[in-house]
Every structure is written in C-alpha cells, then in structure tokens.
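Notes to accompany the following structure.
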Number of protein chains: 2
Amino acid sequence: MSKSPSNPKGTRDFLPSTLSKRNYILDIIKNNFKLFGFLQIETPALERNTTLLGKYGNEGDRLIFKILNSGDKIKKADITAYKENKLSVFIDSISEKGLRYDLTVPLARFVSQHQNELVFPFKRFQIQNVWRADRPQHGRFQEFTQCDADIIGSNSIIQEIELLKLYDCVFSELGFDDIVFKINHRSLLSALANYIGVENKLNDFISIIDKIDKIGVDNAVREIKDSIHNISTSKLSGLLSEKKISIQKLDDLFDDSPKTKKGIDDLKTIIEFFSKNNSLKNEIIFDLTLARGLNYYTGTIIEVISKSNKKLGSLGGGGRYDDLTSLFNMKMTSGVGISFGLDRIYLQMEEENMFPQHLDISYDIIVINFGINYIEKLYPLINSLRKNGKKISIYPENIKLNKQFSYADKHKVKYAILMGENENLNNEIIIKDMINGTQSSHSIIKVNSDLFEDK
Amino acid sequence: MSKSPSNPKGTRDFLPSTLSKRNYILDIIKNNFKLFGFLQIETPALERNTTLLGKYGNEGDRLIFKILNSGDKIKKADITAYKENKLSVFIDSISEKGLRYDLTVPLARFVSQHQNELVFPFKRFQIQNVWRADRPQHGRFQEFTQCDADIIGSNSIIQEIELLKLYDCVFSELGFDDIVFKINHRSLLSALANYIGVENKLNDFISIIDKIDKIGVDNAVREIKDSIHNISTSKLSGLLSEKKISIQKLDDLFDDSPKTKKGIDDLKTIIEFFSKNNSLKNEIIFDLTLARGLNYYTGTIIEVISKSNKKLGSLGGGGRYDDLTSLFNMKMTSGVGISFGLDRIYLQMEEENMFPQHLDISYDIIVINFGINYIEKLYPLINSLRKNGKKISIYPENIKLNKQFSYADKHKVKYAILMGENENLNNEIIIKDMINGTQSSHSIIKVNSDLFEDK
C-alpha cells in the first residue's frame, strides 16, 4: 500500500471548484451543439486494437494505451517474439483492446457500423475523454476531454459555414472578444506544393508548413529546401510571408485544376457569406500557412486563435475529410467537423478572470442544526424549498453555532435557516443573510423560495 | 483491418435516441444531488494498481482491467515468472495502472490525498464510468456508468435520512410509484451471527444472507449450516422468515452491546423521523435479510426495490462504512453513500414507457434549402431564433422538397421554415407545422420564437 496515495502522473483529480468551471464551459458548448441541430452520441472508452491501430501514424500507435487481456488469454503471451525484441508482436499477443485515442476514428467506426440505423447527413456531437501515453508534462495530460461536432454525409459548404458560426456563438457566449478564425483549404496547400515542385512529398511539406507558427517562415522554407527538395526559396518565402495574401492572387498564380478551383471557390463562398449578412461577431481570415497536422484532412481547414494570447496555441480546430469512413469499408462519405480545446479555453478564462462569480457558490442555503427534533420539524419546509430549486445542505451535528457558520462561509453559502427553542415555540424560523449578516424572523408557513432570491 | 467494424464485446455505442433517455435520467439524478448540497468531483479513469488492488477481494482484483506499460517499460517483462505460471507477478512486471473499478475506492484515495484542500464533512457526488473484465453477457457490461453520492467525515444519522430522501425525490421525479426502501444495519447482522453462534465467520455469513433474494431463506439457512457451523436451523429460519419482524423484538432478543444498541437506535431514529413528518413518498421497511455484498459496510445499509419488477434486482443501494479512508492512511473518517443503478432504471423505464415523448425530438426547426443565397438572407433570423433557444438544422443541399421534408420527419421536427423565390421577393417566410401540415406566411422582420412554441 502506498503511504501517500496519489493519482497517476499525467492524470487529474477535479475538485468541485475546478469542475464547476469546466462544466460551465462544457454546458455552453453542449447547448450550442444542440442549437445547431447536432445529436449526441457516446462510444466506449475501450476499442478493439484493430480499430485503433494504423490510423494515427507510427507515433500515434505507440501512444495508444493497450489493455492487457484478462483471464486465461494472458497465457498466450508470445515469449519468443519478446526475446527476439519484436515488441509489437509480443504486445499483440497479450492485448486486443486499447483506450480511445480521439473521437474521430471511433466516429468513423460508429458510422460504418450503424449506417443502417442513422439518418444522413448525420450531425453528431460527442464529449468524452481520450487517453494518450504521452510523457506527462506541464499542460499535457494522458487523459483529457475532447468536444467534437461533425457532419457525416454532406459535401455542402453550408456545413463549414455553420461550424464557423457555431464556434462564433460558443466563444462569444464564453466571453471571448479577441477570436480569429483562420481558414485554409488542403487543395491550396497541394497547389502550393505543385507550384514549387514538391507535390510528390505533400505530407512532409504539410507537416513543415504546420510548424510555421513555432519556427517562423524562414526556418520552414529552409527545412523544406534541406529535407524535401532543392526549391527556389524566394518564390515560397514571398508567398508565405505575405501577411494578407488574397485568394484572388492565388487564383491567378496556381494551376486551374478542378481541385484547386474547388478550394478557392469554397473559401470565397465562406468569406462572402459572412461578409454579406454580417453575422459573425469574430474575425475570419484566410491564412495560406494554416496546415493542421492531421493526415486525414482533405478540404477546408479551420483554426481558432485568441489574438491576445497566441502563445497558448489554438483554442479549437477542424476541417473536412473525404475518406475517413472508407477505413471501415464505407465509401464516399464526406465528413467535416470541429473540436474545442477545453483545457486551453479553461486556462485562458482562468488567467483572465472570465468565469462568473456564482460558480464559487456550493449551495444556496445551510440549515443550522439545533438537534434532530428541530430538523424533523423543518423537513417539510426544506423539501418544499428544494422543490423550488434551492440547493440546501443541513449541517449534520448540533454543535457550536460559530463552527456551523464557518462551515457555511467556506462554501460561500448565501443564506442560513435557524430554528432554535424559541423559534420552535413560535413556529418561526430566522433567515440569516450570510453576506451582510442581517437576519429576519418568519412564520414557517409563510416561508417561500422568494425570500432566498438574489438581490 | 476488420471487414465489419464493431465495438468490443461487453461495451456499448449509444445512439442519440438512447443517449437522450440516459441523459434524462442522469440530469434528474445530478440536479437532485445538487439540491441536497452535494458537490461534483471527477477522478481519472486510470488509477495506480497499488490504489486498486486488494480492495475488492480476489475476484475483484482479477476483474480489474490492467493497462500495459508503454514505451521501454514493457522491456521489463518478468519472463521467468511467466514460465513458472506466476501470472500475477508477470502482470505486475508489465502493468502499473488499471481502469477504475468503482467510484468508492477512488473517492477514498481522493479524500486522503486532498484532505487539506477539502472542507469536512465533505459531500461529493460523482457520475463516471467504471470498467470490469466480467464475461460479457445480457445486461452485464464491461463499461458502465456509476452515479454515487457520499458524505465523508460525519457520523450523524441525518446523513442516512438525507440520502433516503434524496432517493425518494429522484425516483418520484422519474415517475416511479412502486418503490420500497429496505434498510438494515450491519451491527444487527453481527448480532444475528452472534445469536446463532457464527460470529467468527461473519463475512461468510453475510455473503450467504446476501443471496436470500435469489435462493430463499431455507436454502440460505441450509448453506450456513453446511458450510459455516452446525447451527440450530429453526432459530434462524424463524427470525429470517418473519415477514415484518419488528426492531423492538430484536432489541429484546439480541445482546445489548453498545454496537447492537447503536444499530437498533439508528434504524429506529430513521423510521421515526419519516413517520413523524410524513415526508417520504415511498415506503421504507426494515429487512433483517438485507445484507449488501460489499465488505466495507459497517453501519446502516440501504437498498431500493421496485415492487412491480423484483426480478430486475435493486435499482440502487448504499450504506455506511467507517474505515474506508484508513486504507489510504487517513483514520477515523466515517463515510456513508448511495448509488443509482442507471442501467436497471433505464430498463424499467423503457419497459414501462416512462420516458417523456419530447425526448424523441432531435431539434425544433428545419430550414428548407432553396439555395445558399436564400440561406444567406435567412441567416440573421436563424441566429436570432437560436439565441432564443430554438434548435435549428439547415438542410444542407438544395434538393427536392419531399426529400428535405422526409429528412425532417425522420428527426421528428415540429416546424419547417421555407423561403423560395416568391417569399424572397416579398421578404417573407413560410412556417410549416410538420405535425398537422398547416402553413402560414410571415414577414421576416415579424418572425420571433413565439411562432414556434408548443401548442
């Protein structure tokens, strides 16, 4: 037995004060998902390794938590493979399941498996934990919550527009006023790769572009030159450095393949839509250097940045992927989705004091304990106040008043109900306002929840 | 790659229609937890094996899902132990963490670890999944949701009373009208064991008593006689068979040790409390045959039964445990708690059609698509309706009306908004009532959310 018990490194216990703030964010996200017509699903934490492996690259496969087979199955361990240092064969022999690594691959599995039970286009949201065997470090956790909304089975650009507006609504409701939505299109990155002659190394090219935020344009261009192809750097530097490059300019510059044209048209449509009806509260900009790391994106890509806190990284991101369900034998099903970065949103809101104060309050009323007989008499009143939505805790012991009040203060309770011997004889209670210390007597039968309203 | 993808056996995907019903139950439970002054916490799914193992008995240890160490740690596999068939030593060499098996042991770990950050008595609720490597079978899952409320650090009988009333409120709000709360006290089971002379085999005795619901009194008595001690069966049979044995009778019969007296006093206090103020909607009965399987209970034990559906088993249960945190080096901290059986509650509500109909409705309004230009014009209206709480989906493609309506019908949507060429020219929309088929025209600037209210 461990002398000082603790949760595993890289995981977190959430105490009530933290959890109420996390849930404040999650409730706003969830409510907006519903207002935009998304339906909630849940998938199990456990998935078959065959579902998980090979979807996230080699590094991803390594970071999937594998579950040890239970019961007699453990007896099938492949010791020979272990001795030959074929660790993944050894692991396969003792593990069939792993922990969910993200919500997107399980969604693809879910949609393929249940396609006959679903109505397409299928708009789903999902808020569940995922697990990654990353080395624990500051701000990076092995268990964290993902909040995703995706539409499966629709090519319409309306979906990108709706997802951007959904972001807009959530961040506004949370109180952010410095948000920028960056958008780009994977086909423009392809066209760019084509333009500088590295189209056969597209994924490498994209993963270097993805680092521009961290390493800067010059270093990225140098890395492309060194590791991919001896390109003419000035051509690329010029394009990538241009702060507000226009889509029109690219239209003139890039090849006019249908794919490129589609990318340019999509971005134009999105930006024009919002500029005409003026319904986006936050800014939207086209950014040719936006790449998004994940391999499965094929169309529009989106990222949410806080202008005042760029070092935090993106607060959300997403994009369109045309072929994800085909991994599970369901063809021709375009998907598009976004994700909220709960931990980063929390961090910034905490830093900038954006959470409403009422989240600190544990409950509304404490009932001071003068003995169980008094509680017995008060119980119908307590029940009726709870029915009217008042959160009430009864102090459990008949101890000194100052101890009971101190307990209430620690919970930031607004009101106390007291009924001692005198009040009992008169069928009265005292209501004490714990904030300003005033108190007043009330006949029990006249007490109602209005007496405990916020002033 | 699996040709037909599927979730692992013993786990479940929740489609929107099921999840909305599960969440309906969970929301009512959660809301009542808050009304009774409980604060929410969360603990990680991953716990150290040292935290989990040895707390649930040998069978429990076997059923804990173990996580394979990641990275280079897997190279420390103890192959010698494996070959000598010392499987638990082998497992220990490749696994340091496991999945949460219940919420009670993590609570004890949490309270010990964070004792200086918490205010005692600490009233917490927790709604999270747990995992058990049970053989998958009908109605038994490897991953399921537990809903617990516990108070740590209070001996007061007020807590038992509050927990019973909390049960009463939740089951009433869910629409149950056939609930019985059975109560007993572990000290009475000790006294009973004492009375028939098997006090030195208390845990065995309790686990046989615990099976009475399934095997009947006669078989239980026979098993006690055969496997524990050659008792005089008539004495025990008589007591256990008595349908409504009175606490008073036991008071006369049993030893008058302080422990037994405490048990009898506690039960009397609870029953008298509710009989005086008449504030329990459901029935409460003392049942000497109620045992609850878990070893850690030391005081009052509680179980929730539906009279009309006894074959389902209990819908919830709980009790007092005096020593759980001492497992984690925190002494003298009495705890008491209850748990809701979400899956069984769901099953019975589904069987008896107890879910409100509105849970079927995916969203309130569908916007019929006549082309993106029309959507662009409608977008400010759509945003304003969403701000007023209306859940709206926009049909993504400009396709035949009957296809769009059929999509809406499948989602049980109540209203459609239409704006085609004519309406656009007149700055009007048509609102179609999808239930009765009627439709009406409205000037766009006059449309507000009242037009979409339930009638």
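Convention: chains lettered A, B, ... in structure tokens order; per-chain residue numbering from 1; ligands numbered from 1 as shown.
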Worksheet entry | DSSP helix (DSSP H, G or I) residues within region 92-232 of chain B, listed as a PyMOL selection string | chain B and resi 92-94+104-113+158-174+186-196+199-209+212-227
Item to complete: Would you list the contacts of Met434 (chain A) as a PyMOL selection string, taking every protein, DNA or RNA residue within 10 Å and counting only C-alpha atoms, but skipping same-chain residues closer than 6 positions in sequence?
Response: chain A and resi 365-366+405+408-409+412-416
Just-selected residues, C-alpha atoms written as a tab-separated table (two decimals), in the first residue's frame:
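Listing of out37.tsv after writing:
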```tsv
chain	number	residue	atom	x	y	z
A	365	ILE	CA	-28.93	27.65	1.97
A	366	ILE	CA	-27.49	25.97	5.04
A	405	PHE	CA	-21.40	29.29	10.29
A	408	ALA	CA	-21.22	27.69	5.57
A	409	ASP	CA	-18.77	30.52	4.89
A	412	LYS	CA	-19.83	30.63	0.16
A	413	VAL	CA	-23.44	29.94	1.14
A	414	LYS	CA	-25.76	32.93	0.89
A	415	TYR	CA	-28.42	32.12	3.49
A	416	ALA	CA	-28.76	30.22	6.75
```
Those in region 14-184 of chain B with strand (DSSP E or B) from DSSP, as a PDB file with N, CA and C atoms, in the first residue's frame:
```pdb
ATOM      1  N   PHE B  14     -23.769   4.350 -27.821  1.00  0.00           N
ATOM      2  CA  PHE B  14     -25.072   4.950 -27.530  1.00  0.00           C
ATOM      3  C   PHE B  14     -25.487   5.860 -28.669  1.00  0.00           C
ATOM      4  N   LEU B  39     -21.452  18.265  -3.915  1.00  0.00           N
ATOM      5  CA  LEU B  39     -20.577  18.919  -4.886  1.00  0.00           C
ATOM      6  C   LEU B  39     -19.943  17.861  -5.786  1.00  0.00           C
ATOM      7  N   GLN B  40     -19.805  18.203  -7.055  1.00  0.00           N
ATOM      8  CA  GLN B  40     -19.315  17.208  -8.012  1.00  0.00           C
ATOM      9  C   GLN B  40     -17.791  17.157  -8.050  1.00  0.00           C
ATOM     10  N   GLU B  42     -14.488  14.728 -10.117  1.00  0.00           N
ATOM     11  CA  GLU B  42     -14.155  13.658 -11.063  1.00  0.00           C
ATOM     12  C   GLU B  42     -12.756  13.151 -10.764  1.00  0.00           C
ATOM     13  N   LEU B  46      -7.798   6.201 -15.143  1.00  0.00           N
ATOM     14  CA  LEU B  46      -6.596   5.438 -14.811  1.00  0.00           C
ATOM     15  C   LEU B  46      -6.240   5.646 -13.342  1.00  0.00           C
ATOM     16  N   GLU B  47      -6.050   4.549 -12.623  1.00  0.00           N
ATOM     17  CA  GLU B  47      -5.543   4.621 -11.252  1.00  0.00           C
ATOM     18  C   GLU B  47      -4.320   3.714 -11.157  1.00  0.00           C
ATOM     19  N   ARG B  48      -3.448   4.004 -10.205  1.00  0.00           N
ATOM     20  CA  ARG B  48      -2.326   3.103  -9.961  1.00  0.00           C
ATOM     21  C   ARG B  48      -2.853   1.739  -9.508  1.00  0.00           C
ATOM     22  N   LYS B  66      -6.168  -4.159 -16.574  1.00  0.00           N
ATOM     23  CA  LYS B  66      -4.823  -3.610 -16.392  1.00  0.00           C
ATOM     24  C   LYS B  66      -4.317  -3.010 -17.694  1.00  0.00           C
ATOM     25  N   ILE B  67      -3.599  -1.908 -17.545  1.00  0.00           N
ATOM     26  CA  ILE B  67      -3.037  -1.199 -18.696  1.00  0.00           C
ATOM     27  C   ILE B  67      -1.589  -1.617 -18.863  1.00  0.00           C
ATOM     28  N   LYS B  97      -0.762   0.448 -14.033  1.00  0.00           N
ATOM     29  CA  LYS B  97      -2.020   1.162 -13.902  1.00  0.00           C
ATOM     30  C   LYS B  97      -3.190   0.289 -14.315  1.00  0.00           C
ATOM     31  N   GLY B  98      -4.367   0.629 -13.819  1.00  0.00           N
ATOM     32  CA  GLY B  98      -5.565  -0.092 -14.214  1.00  0.00           C
ATOM     33  C   GLY B  98      -6.713   0.878 -14.375  1.00  0.00           C
ATOM     34  N   LEU B  99      -7.844   0.341 -14.871  1.00  0.00           N
ATOM     35  CA  LEU B  99      -9.024   1.186 -15.037  1.00  0.00           C
ATOM     36  C   LEU B  99      -9.873   1.155 -13.770  1.00  0.00           C
ATOM     37  N   PHE B 122     -17.415  16.303   3.962  1.00  0.00           N
ATOM     38  CA  PHE B 122     -17.299  16.521   2.528  1.00  0.00           C
ATOM     39  C   PHE B 122     -18.413  15.750   1.820  1.00  0.00           C
ATOM     40  N   LYS B 123     -19.303  16.515   1.180  1.00  0.00           N
ATOM     41  CA  LYS B 123     -20.422  15.889   0.462  1.00  0.00           C
ATOM     42  C   LYS B 123     -20.116  15.933  -1.025  1.00  0.00           C
ATOM     43  N   ARG B 124     -19.849  14.781  -1.611  1.00  0.00           N
ATOM     44  CA  ARG B 124     -19.499  14.810  -3.025  1.00  0.00           C
ATOM     45  C   ARG B 124     -20.407  13.877  -3.826  1.00  0.00           C
ATOM     46  N   PHE B 125     -20.650  14.285  -5.083  1.00  0.00           N
ATOM     47  CA  PHE B 125     -21.243  13.303  -6.000  1.00  0.00           C
ATOM     48  C   PHE B 125     -20.326  13.124  -7.190  1.00  0.00           C
ATOM     49  N   GLN B 126     -20.471  12.006  -7.844  1.00  0.00           N
ATOM     50  CA  GLN B 126     -19.575  11.629  -8.932  1.00  0.00           C
ATOM     51  C   GLN B 126     -20.360  10.741  -9.888  1.00  0.00           C
ATOM     52  N   ILE B 127     -20.341  11.105 -11.158  1.00  0.00           N
ATOM     53  CA  ILE B 127     -21.030  10.319 -12.190  1.00  0.00           C
ATOM     54  C   ILE B 127     -20.000  10.015 -13.259  1.00  0.00           C
ATOM     55  N   GLN B 128     -19.441   8.836 -13.230  1.00  0.00           N
ATOM     56  CA  GLN B 128     -18.409   8.475 -14.207  1.00  0.00           C
ATOM     57  C   GLN B 128     -18.486   6.986 -14.534  1.00  0.00           C
ATOM     58  N   ASN B 129     -17.812   6.631 -15.601  1.00  0.00           N
ATOM     59  CA  ASN B 129     -17.809   5.228 -15.999  1.00  0.00           C
ATOM     60  C   ASN B 129     -16.828   4.416 -15.165  1.00  0.00           C
ATOM     61  N   VAL B 130     -17.121   3.123 -15.038  1.00  0.00           N
ATOM     62  CA  VAL B 130     -16.198   2.176 -14.416  1.00  0.00           C
ATOM     63  C   VAL B 130     -16.094   0.969 -15.348  1.00  0.00           C
ATOM     64  N   TRP B 131     -15.037   0.188 -15.159  1.00  0.00           N
ATOM     65  CA  TRP B 131     -14.749  -0.920 -16.075  1.00  0.00           C
ATOM     66  C   TRP B 131     -14.505  -2.205 -15.301  1.00  0.00           C
ATOM     67  N   GLN B 137     -22.238 -10.545 -20.920  1.00  0.00           N
ATOM     68  CA  GLN B 137     -23.483 -11.296 -21.057  1.00  0.00           C
ATOM     69  C   GLN B 137     -24.651 -10.329 -21.003  1.00  0.00           C
ATOM     70  N   ARG B 140     -25.086  -7.335 -18.594  1.00  0.00           N
ATOM     71  CA  ARG B 140     -23.878  -7.079 -17.817  1.00  0.00           C
ATOM     72  C   ARG B 140     -22.804  -6.541 -18.751  1.00  0.00           C
ATOM     73  N   GLU B 143     -18.189  -1.905 -19.380  1.00  0.00           N
ATOM     74  CA  GLU B 143     -18.060  -0.468 -19.156  1.00  0.00           C
ATOM     75  C   GLU B 143     -19.444   0.064 -18.836  1.00  0.00           C
ATOM     76  N   PHE B 144     -19.600   0.674 -17.674  1.00  0.00           N
ATOM     77  CA  PHE B 144     -20.913   1.218 -17.332  1.00  0.00           C
ATOM     78  C   PHE B 144     -20.754   2.429 -16.419  1.00  0.00           C
ATOM     79  N   THR B 145     -21.870   3.146 -16.263  1.00  0.00           N
ATOM     80  CA  THR B 145     -21.832   4.420 -15.543  1.00  0.00           C
ATOM     81  C   THR B 145     -22.305   4.242 -14.109  1.00  0.00           C
ATOM     82  N   GLN B 146     -21.502   4.734 -13.168  1.00  0.00           N
ATOM     83  CA  GLN B 146     -21.956   4.749 -11.776  1.00  0.00           C
ATOM     84  C   GLN B 146     -22.315   6.173 -11.370  1.00  0.00           C
ATOM     85  N   CYS B 147     -23.325   6.293 -10.505  1.00  0.00           N
ATOM     86  CA  CYS B 147     -23.793   7.597 -10.021  1.00  0.00           C
ATOM     87  C   CYS B 147     -23.830   7.526  -8.512  1.00  0.00           C
ATOM     88  N   ASP B 148     -22.854   8.135  -7.857  1.00  0.00           N
ATOM     89  CA  ASP B 148     -22.722   7.998  -6.407  1.00  0.00           C
ATOM     90  C   ASP B 148     -22.805   9.339  -5.702  1.00  0.00           C
ATOM     91  N   ALA B 149     -23.435   9.342  -4.523  1.00  0.00           N
ATOM     92  CA  ALA B 149     -23.335  10.482  -3.612  1.00  0.00           C
ATOM     93  C   ALA B 149     -22.856   9.941  -2.277  1.00  0.00           C
ATOM     94  N   ASP B 150     -21.853  10.583  -1.700  1.00  0.00           N
ATOM     95  CA  ASP B 150     -21.289  10.137  -0.420  1.00  0.00           C
ATOM     96  C   ASP B 150     -21.002  11.332   0.462  1.00  0.00           C
ATOM     97  N   ILE B 151     -21.062  11.113   1.761  1.00  0.00           N
ATOM     98  CA  ILE B 151     -20.607  12.126   2.724  1.00  0.00           C
ATOM     99  C   ILE B 151     -19.464  11.511   3.508  1.00  0.00           C
ATOM    100  N   ILE B 152     -18.330  12.191   3.523  1.00  0.00           N
ATOM    101  CA  ILE B 152     -17.166  11.703   4.247  1.00  0.00           C
ATOM    102  C   ILE B 152     -16.904  12.616   5.438  1.00  0.00           C
ATOM    103  N   ILE B 179     -41.844   2.143  -5.269  1.00  0.00           N
ATOM    104  CA  ILE B 179     -40.505   1.942  -4.700  1.00  0.00           C
ATOM    105  C   ILE B 179     -40.597   1.599  -3.213  1.00  0.00           C
ATOM    106  N   VAL B 180     -39.766   0.652  -2.803  1.00  0.00           N
ATOM    107  CA  VAL B 180     -39.591   0.363  -1.374  1.00  0.00           C
ATOM    108  C   VAL B 180     -38.125   0.559  -1.032  1.00  0.00           C
ATOM    109  N   PHE B 181     -37.867   1.266   0.061  1.00  0.00           N
ATOM    110  CA  PHE B 181     -36.514   1.344   0.585  1.00  0.00           C
ATOM    111  C   PHE B 181     -36.378   0.324   1.697  1.00  0.00           C
ATOM    112  N   LYS B 182     -35.500  -0.640   1.497  1.00  0.00           N
ATOM    113  CA  LYS B 182     -35.205  -1.595   2.561  1.00  0.00           C
ATOM    114  C   LYS B 182     -34.018  -1.063   3.352  1.00  0.00           C
ATOM    115  N   ILE B 183     -34.114  -1.139   4.680  1.00  0.00           N
ATOM    116  CA  ILE B 183     -32.933  -0.766   5.468  1.00  0.00           C
ATOM    117  C   ILE B 183     -32.614  -1.846   6.493  1.00  0.00           C
ATOM    118  N   ASN B 184     -31.371  -1.916   6.806  1.00  0.00           N
ATOM    119  CA  ASN B 184     -30.876  -2.819   7.844  1.00  0.00           C
ATOM    120  C   ASN B 184     -29.593  -2.185   8.393  1.00  0.00           C
TER     121      ASN B 184
END
```
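CA of Ser95 (chain B) is positioned 5.1 Å from CA of Asn69 (chain B).
Those residues that approach Ile79 (chain A) to within 9 Å, counting only C-alpha atoms, are Phe90 of chain A; Ile79 and Tyr82 of chain B; same-chain residues fewer than 6 positions away are not listed.
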Using C-alpha atoms, can you write the selected residues to a file as a short mmCIF file (atom, residue, chain, number, x, y, z; two decimals), in the first residue's frame?
```cif
data_model
loop_
_atom_site.label_atom_id
_atom_site.label_comp_id
_atom_site.auth_asym_id
_atom_site.auth_seq_id
_atom_site.Cartn_x
_atom_site.Cartn_y
_atom_site.Cartn_z
CA PHE A 90 4.57 -9.53 -28.14
CA ILE B 79 9.53 -13.89 -18.31
CA TYR B 82 5.53 -16.16 -16.71
#
```
Item to complete: Measure the distance from CA of Gln439 (chain A) to CA of Asn424 (chain A) in Å and round it to one decimal.
Response: 16.5 Å
